[in-house]
Amino acid sequence: MSWSPCVSLYRAAVRIERQPGRSATMTVLEDRIEMAESGDELTLDMMFEWLEKMPIPEGYKTEIVGGHIFMTPQRDTHWDIIADIYDQLRVKYPRKRVKSDVRIDYPGHLNGFASDVTLMAEGATKNADGRWRCEDVQFVAEVISRKTAGNDYGPKKDAYAAAGVPVYLIVDPYTGEWHLHTLPGDGKYHGSVCFGFGIEIDLARTAVGLVLRTDEFPRG
């Protein structure tokens with residue numbers, strides 16, 4: 001299904017609705033307009049609550065970046081890389097510390113991410129709302145999707161740095177490269193390196209404490 005992955009929510013919730021001549025569009029939920037116009041400020045909880053009422057297609061990843069909803073289809077290539085990273089982390093870490101597609105809120109305006117792979121710190125606990133805290137995130141990996149690549153290289157990278165996530169890895173199957181960002185401080189990453197698939201990612205001296213193989217990461 002082809003459709004725009006981004007929708008600005010500033011007055012009301014949205015839903016996917018089929019219309020003649022269009023594969024899928026975003027339209028306003030009329031019963032939410034009155035509440036939105038009353039002056040209530042949008043929150044991440046409100047937006048995710050609205051998303052739960054939307055008929056989101058199966059196999060789509062949904063997250064909120066800077067107050068915009070992004071829905072991205074999960075391709076085989078995308079999933080294979082996520083699974084590879086997950087499996088390698090599981091050699092060292094228990095299942096409860098490795099997350100995928102789990103909502104975690106980050107600094108900035110309305111940032112509720114569902115990162116592809118997240119490693120939580122030992123002893124991490126959920127907040128009063130029952131969600132993991134970004135302060136306890138030690139590692140994030142994002143696998144690039146073509147239409148939302150700008151988020152991973154831009155605002156999401158900035159939010160991870162602002163949260164002090166020690167290690168942020170971007171894997172790009174389209175270019176066959178990985179980009180490693182470390183040393184967060186003052187809202188940005190001060191360490192950055194990029195290599196092609198096949199070159200190991202040495203995280204032995206980081207909070208992750210292991211080396212990730214990339215030779216089996218698929219391209220395209």
# chains A, B, ... in the order shown; residues from 1 in each chain; ligands from 1
call {"tool": "select_by_dssp", "arguments": {"residues": "region 10-219 of chain A", "states": "strand (DSSP E or B)", "output": "VMD selection string"}}
result
chain A and resid 14 to 19 22 to 28 60 to 65 68 to 73 98 to 99 104 to 106 111 to 113 117 to 120 126 132 137 to 143 167 to 172 177 to 185 188 to 196 201 to 202 211 to 212
call {"tool": "select_by_dssp", "arguments": {"residues": "region 37-220 of chain A", "states": "alpha helix (DSSP H)", "output": "ChimeraX atom specification"}}
result
/A:37,44-52,76-90,149-153,155-162
call {"tool": "closest_atom_pairs", "arguments": {"of": "region 150-171 of chain A", "to": "region 138-146 of chain A", "cutoff": "7 Å", "atoms": "only C-alpha atoms", "output": "Markdown table"}}
result
| residue | atom | partner | partner_atom | distance |
| --- | --- | --- | --- | --- |
| A:Asp152 | CA | A:Glu142 | CA | 6.9 |
| A:Val165 | CA | A:Gln138 | CA | 5.5 |
| A:Pro166 | CA | A:Gln138 | CA | 5.6 |
| A:Val167 | CA | A:Phe139 | CA | 4.8 |
| A:Tyr168 | CA | A:Val140 | CA | 5.0 |
| A:Leu169 | CA | A:Ala141 | CA | 4.6 |
| A:Ile170 | CA | A:Glu142 | CA | 5.0 |
| A:Val171 | CA | A:Val143 | CA | 4.7 |
call {"tool": "atom_distance", "arguments": {"atom1": "CA of Ala83 (chain A)", "atom2": "CA of Lys99 (chain A)"}}
result
11.2 Å
call {"tool": "atom_distance", "arguments": {"atom1": "CA of Leu89 (chain A)", "atom2": "CA of Pro155 (chain A)"}}
result
25.5 Å
call {"tool": "residues_around", "arguments": {"residues": "Asp202 (chain A)", "least_positions_apart": "6", "cutoff": "7 Å", "atoms": "only C-alpha atoms", "output": "VMD selection string"}}
result
chain A and resid 210 to 212
call {"tool": "closest_residue", "arguments": {"among": "A:Gly59, A:Gly209, A:Glu41, A:Asp172", "to": "Asp76 (chain A)", "atoms": "only C-alpha atoms"}}
result
A:Gly59
call {"tool": "residues_around", "arguments": {"residues": "Thr214 (chain A)", "least_positions_apart": "3", "cutoff": "6 Å", "atoms": "only C-alpha atoms", "output": "VMD selection string"}}
result
chain A and resid 197 to 198 200 217
call {"tool": "residues_around", "arguments": {"residues": "Val137 (chain A)", "least_positions_apart": "3", "cutoff": "7 Å", "atoms": "only C-alpha atoms", "output": "MDAnalysis selection string"}}
result
chainID A and resid 118:121 134 165
call {"tool": "closest_residue", "arguments": {"among": "A:Glu135, A:Asp129, A:Glu63, A:Asp87", "to": "Arg103 (chain A)", "atoms": "only C-alpha atoms"}}
result
A:Glu63
call {"tool": "residues_around", "arguments": {"residues": "His190 (chain A)", "least_positions_apart": "2", "cutoff": "12 Å", "atoms": "only C-alpha atoms", "output": "PyMOL selection string"}}
result
chain A and resi 157-158+161+164+166-168+180-188+192-193
call {"tool": "write_last_selection", "arguments": {"atoms": "C-alpha atoms", "output": "PDB file, in the first residue's frame"}}
result
ATOM      1  CA  LYS A 157      19.598  11.166  16.389  1.00  0.00           C
ATOM      2  CA  ASP A 158      19.308  14.544  18.149  1.00  0.00           C
ATOM      3  CA  ALA A 161      21.917  12.414  22.030  1.00  0.00           C
ATOM      4  CA  GLY A 164      22.412  10.702  26.698  1.00  0.00           C
ATOM      5  CA  PRO A 166      25.674   6.139  24.929  1.00  0.00           C
ATOM      6  CA  VAL A 167      25.576   4.249  21.626  1.00  0.00           C
ATOM      7  CA  TYR A 168      23.384   4.935  18.581  1.00  0.00           C
ATOM      8  CA  LEU A 180      27.985   4.516  14.678  1.00  0.00           C
ATOM      9  CA  HIS A 181      27.443   7.504  16.988  1.00  0.00           C
ATOM     10  CA  THR A 182      28.944   7.681  20.480  1.00  0.00           C
ATOM     11  CA  LEU A 183      30.043  10.167  23.157  1.00  0.00           C
ATOM     12  CA  PRO A 184      26.796  12.117  23.650  1.00  0.00           C
ATOM     13  CA  GLY A 185      27.112  15.542  25.227  1.00  0.00           C
ATOM     14  CA  ASP A 186      25.573  18.999  24.905  1.00  0.00           C
ATOM     15  CA  GLY A 187      22.729  17.556  22.834  1.00  0.00           C
ATOM     16  CA  LYS A 188      24.851  15.941  20.146  1.00  0.00           C
ATOM     17  CA  SER A 192      31.030   9.143  14.650  1.00  0.00           C
ATOM     18  CA  VAL A 193      32.296   6.434  12.310  1.00  0.00           C
TER      19      VAL A 193
END
